[in-house]
Amino acid sequence: MGVIKKLAGSVREYKKPALITVILMILEVIIEVTIPFMTANLINSIQSTGGVDMKELLATGGLLIVMACLSLTCGGLGGYTCAKASSGFSKNLRSDVFERIQNFGFENIDKFSSASLVTRLTTDASNVQMSFMMLIRTAIRSPLMFIFSIIMSYLLGGVLAATFVVVIPILVFGLLMISRKAMPAFRRVFKKYDKLNESIEENVRGMRVVKGFSREDYEKEKFGKASENIRFDFTKAERIIALNTPLMQFCMYFNMIFILWVGSKIALTTSGTVVNIGHISAMLNYGMQILMSLMMLSMIYVMLTMSAESARRICEVLDEKSTLTNPETPLTIVQDGSITFENVSFKYSKEAKRFALENINVNIKSGMTVGIIGGTGSSKSTLVQLIPRLYDTTEGSVKVGGVDVREYDVKSLRDSVAMVLQKNLLFAGTINENLRWGNEEATQEEIIEACRLAQADDFVKSFPDGYETHIEQGGTNVSGGQKQRLCIARALLKKPKVLILDDSTSAVDTKTDAFIREGFKSYIPQTTKIIIAQRITSVQDADLIIVMDNGKIESMGTHDELLKMSEIYKEVYEQQIGGVKYED
């Protein structure tokens, strides 16, 4: 019930078409149940009078045509309103899930793989949409048709209705057993969809690596196995579900034979006083309606059981509470770019056994240029991700502008911090559109200036369409260095109080790197600049250099100071300048 209540919140403005669908289905059932009754009365009337009364025949026939048209109209309109309600519900549901994901902190996202989130937004949402469509249409129509047909059968057929005492339990038991056997296979499929999507995502993103190492055959085999696992489970489930048809046919033919044989016998022996031709005709129609209703109910049961797993997976995302929340009265103005780490320790989850960062204490004044250097896995990126609250500290506090980052409105804080990530990402669209992510209101002159400072203007102008050049998804039609420079220009357009470059000049040469850093001094002198780098030349002119080692600060100071006191820094320096040892 909790899952249903949670999902019902996504119906919203589509409650009206959903309700109209239910009403139309009720009307359609009433009309369809009445038609066999009227037909039986007409047959009985003809049989009792021994002839055809044309007036009665035309009147009843005309009424039957009108009722058939009304039934068709109700069914058609019901299909339209049902489609409108279910597709609208699905749209809202996907939007709700997507919005929830957008509000997640990195800790929340780490709980779900990206492939799993894609599956929940696509396959799972489609399954829930299908179930909703069945609930407001078929799940209303079939039970009502079943109940009304049973009632009419006993009113008209009398003893002939005894056939349903045999047929219905057999059909219900058989359909339930078939559904129960098929369900485990359907449930397994959803987790395997995650694996399949993950395989596709990895292959597409890493296409260059796959081709570079000639691993196409391996990737094909991996995808083939994931696809085969899904095929196997679906085939197994569908093979079981296919038993519905012979079971249904057995019950249907048994019902027809029983009604025709027993009904004819009773009609002949009682001269039509107990059962007559009209009753037999009506019983055949009602029998078909009852059996088809049960068949549809079994399909509803299968679909609802399948979608129950999808609904649960979607509700997992909707119920997930973001680890990053605004205070009741958040601050919206960041005074300056000063940053203070006070006794900061951090681990990625509460269950983690070790801290990724331990006992970090740093004081950075606004406008300073700070370099961070350290080996792979020393938690350099983790450290800077605490500044815009991509993660929250486990212990201690991070302050920006003299205020704990947890006291700011998250959007206001992130508007004041620009990050150029280690994995640079450009979106499908023009260069201008990508750059305006930094500032939607930026003029063309401001865009060009930012690109000049980021050393991107020359190569952008070399493209035939210049700043209107279309960028493919992920920026696959530009080089790594070009992508990095465009991302830096995008960050500069933001004119932030804090600029973080996470190894974002690794793909450009040292000369270009130096020009970019020189541009920072003139364009954003008051902005605090934090540069994570592997090259000593990228940070040696910084006001403060932090050396990280295994999640801790090994040492801090200027370039000259660190050469004297930090063995790690000194070793990296000597390796990068060609083996020349530093002499104090």
# chains A, B, ... in the order shown; residues from 1 in each chain; ligands from 1

$ residues_around --residues "A:Asp541" --least-positions-apart "6" --cutoff "9 Å" --atoms "only C-alpha atoms" --output "list in words"
Thr369, Gly371, Thr558 and His559 of chain A

$ write_last_selection --atoms "C-alpha atoms" --output "compact mmCIF listing (two decimals), in the first residue's frame"
# COMPACT_ATOMS: atom_id res chain seq x y z
CA THR A 369 46.14 30.28 -5.60
CA GLY A 371 48.07 23.83 -5.52
CA THR A 558 55.46 27.27 -0.98
CA HIS A 559 57.48 25.57 -3.70

$ residues_around --residues "A:Gln385" --least-positions-apart "2" --cutoff "12 Å" --atoms "only C-alpha atoms" --output "PyMOL selection string"
chain A and resi 105-107+346+348+357+379-383+387-393+398+405+414+417-422+499-502+530+532

$ write_last_selection --atoms "C-alpha atoms" --output "PDB file, in the first residue's frame"
ATOM      1  CA  GLY A 105      24.335  14.101  -3.185  1.00  0.00           C
ATOM      2  CA  PHE A 106      27.202  11.964  -4.453  1.00  0.00           C
ATOM      3  CA  GLU A 107      26.722   9.648  -1.475  1.00  0.00           C
ATOM      4  CA  PHE A 346      35.511  11.959   5.752  1.00  0.00           C
ATOM      5  CA  TYR A 348      32.139   7.682   1.735  1.00  0.00           C
ATOM      6  CA  LEU A 357      40.356  11.899   4.568  1.00  0.00           C
ATOM      7  CA  SER A 379      42.130  11.739  -1.958  1.00  0.00           C
ATOM      8  CA  LYS A 380      42.961  15.029  -3.672  1.00  0.00           C
ATOM      9  CA  SER A 381      39.645  15.096  -5.568  1.00  0.00           C
ATOM     10  CA  THR A 382      37.719  14.019  -2.482  1.00  0.00           C
ATOM     11  CA  LEU A 383      39.122  16.985  -0.570  1.00  0.00           C
ATOM     12  CA  ILE A 387      33.824  22.592  -0.789  1.00  0.00           C
ATOM     13  CA  PRO A 388      30.656  22.751  -2.980  1.00  0.00           C
ATOM     14  CA  ARG A 389      28.984  20.036  -0.839  1.00  0.00           C
ATOM     15  CA  LEU A 390      29.145  17.251  -3.365  1.00  0.00           C
ATOM     16  CA  TYR A 391      29.771  15.319  -0.165  1.00  0.00           C
ATOM     17  CA  ASP A 392      29.374  16.402   3.461  1.00  0.00           C
ATOM     18  CA  THR A 393      32.118  15.926   6.000  1.00  0.00           C
ATOM     19  CA  VAL A 398      34.385  23.119   5.838  1.00  0.00           C
ATOM     20  CA  VAL A 405      28.972  25.189   3.898  1.00  0.00           C
ATOM     21  CA  ARG A 414      27.432  25.992  -5.913  1.00  0.00           C
ATOM     22  CA  VAL A 417      32.014  27.629  -6.815  1.00  0.00           C
ATOM     23  CA  ALA A 418      33.077  26.513 -10.287  1.00  0.00           C
ATOM     24  CA  MET A 419      34.611  23.092 -10.805  1.00  0.00           C
ATOM     25  CA  VAL A 420      36.457  21.815 -13.827  1.00  0.00           C
ATOM     26  CA  LEU A 421      36.438  18.103 -13.153  1.00  0.00           C
ATOM     27  CA  GLN A 422      39.064  15.519 -13.891  1.00  0.00           C
ATOM     28  CA  LEU A 499      37.559  28.036  -8.935  1.00  0.00           C
ATOM     29  CA  ILE A 500      38.606  24.383  -8.650  1.00  0.00           C
ATOM     30  CA  LEU A 501      40.663  22.752 -11.397  1.00  0.00           C
ATOM     31  CA  ASP A 502      40.826  19.004 -10.779  1.00  0.00           C
ATOM     32  CA  ILE A 530      42.575  25.580  -6.294  1.00  0.00           C
ATOM     33  CA  ILE A 532      44.981  19.801  -8.472  1.00  0.00           C
TER      34      ILE A 532
END

$ closest_residue --among "A:Val539, A:Ile471, A:Ile516, A:Ala507" --to "A:Ala450" --atoms "only C-alpha atoms"
A:Ile516

$ select_by_dssp --residues "stretch 170-416 of chain A" --states "helix (DSSP H, G or I)" --output "number ranges by chain"
A: 170-205, 207-212, 216-241, 244-269, 277-319, 380-385, 405-407, 410-415

$ residues_around --residues "stretch 227-237 of chain A" --least-positions-apart "6" --cutoff "12 Å" --atoms "only C-alpha atoms" --output "JSON, numbers by chain"
{"A": [178, 179, 180, 181, 182, 183, 184, 185, 186, 187, 188, 189, 190, 191, 192, 193, 194, 195, 196, 197, 198, 199, 200, 220, 221, 243, 244, 302, 306]}

$ closest_residue --among "A:Ile4, A:Ala40, A:Met54, A:Leu24" --to "A:Gly75" --atoms "only C-alpha atoms"
A:Leu24

$ closest_residue --among "A:Val33, A:Gly480, A:Gly466, A:Thr528" --to "A:Val508" --atoms "only C-alpha atoms"
A:Gly480

$ residues_around --residues "A:Ser522" --least-positions-apart "3" --cutoff "12 Å" --atoms "only C-alpha atoms" --output "PyMOL selection string"
chain A and resi 367+449-450+453+492+515-519+525-527

$ residues_around --residues "A:Pro169" --least-positions-apart "5" --cutoff "12 Å" --atoms "only C-alpha atoms" --output "number ranges by chain"
A: 162-164, 174-176, 251, 291, 294

$ atom_distance --atom1 "atom CA of A:Val165" --atom2 "atom CA of A:Thr138"
24.0 Å

$ atom_distance --atom1 "atom CA of A:Gly377" --atom2 "atom CA of A:Gln576"
19.6 Å

$ residues_around --residues "stretch 123-128 of chain A" --least-positions-apart "2" --cutoff "7 Å" --atoms "only C-alpha atoms" --output "PyMOL selection string"
chain A and resi 90+94+119-121+130-132+307+310-311

$ write_last_selection --atoms "N, CA and C atoms" --output "compact mmCIF listing (two decimals), in the first residue's frame"
# COMPACT_ATOMS: atom_id res chain seq x y z
N SER A 90 2.97 8.30 -16.48
CA SER A 90 4.35 7.88 -16.73
C SER A 90 5.28 9.08 -16.88
N ARG A 94 8.39 9.68 -14.32
CA ARG A 94 9.78 9.83 -14.76
C ARG A 94 10.36 11.17 -14.31
N THR A 119 17.69 2.06 -16.03
CA THR A 119 16.67 1.02 -16.12
C THR A 119 15.40 1.43 -15.39
N ARG A 120 15.55 2.05 -14.24
CA ARG A 120 14.39 2.47 -13.45
C ARG A 120 13.61 3.57 -14.16
N LEU A 121 14.32 4.43 -14.88
CA LEU A 121 13.65 5.52 -15.59
C LEU A 121 13.03 5.07 -16.91
N MET A 130 2.21 0.46 -17.79
CA MET A 130 1.34 -0.59 -18.31
C MET A 130 0.38 -1.09 -17.23
N SER A 131 0.87 -1.24 -16.03
CA SER A 131 0.02 -1.70 -14.93
C SER A 131 -1.05 -0.67 -14.59
N PHE A 132 -0.67 0.60 -14.59
CA PHE A 132 -1.64 1.66 -14.31
C PHE A 132 -2.74 1.67 -15.37
N SER A 307 5.23 -5.81 -12.51
CA SER A 307 5.47 -4.39 -12.26
C SER A 307 5.66 -4.09 -10.79
N SER A 310 9.17 -3.58 -10.38
CA SER A 310 9.53 -2.28 -10.98
C SER A 310 9.10 -1.13 -10.07
N ALA A 311 7.89 -1.24 -9.53
CA ALA A 311 7.38 -0.19 -8.64
C ALA A 311 8.25 -0.07 -7.39

$ atom_distance --atom1 "atom CA of A:Arg436" --atom2 "atom CA of A:Ile448"
11.5 Å

$ closest_residue --among "A:Pro496, A:Pro464, A:Gly224, A:Gly287" --to "A:Ser412" --atoms "only C-alpha atoms"
A:Pro496
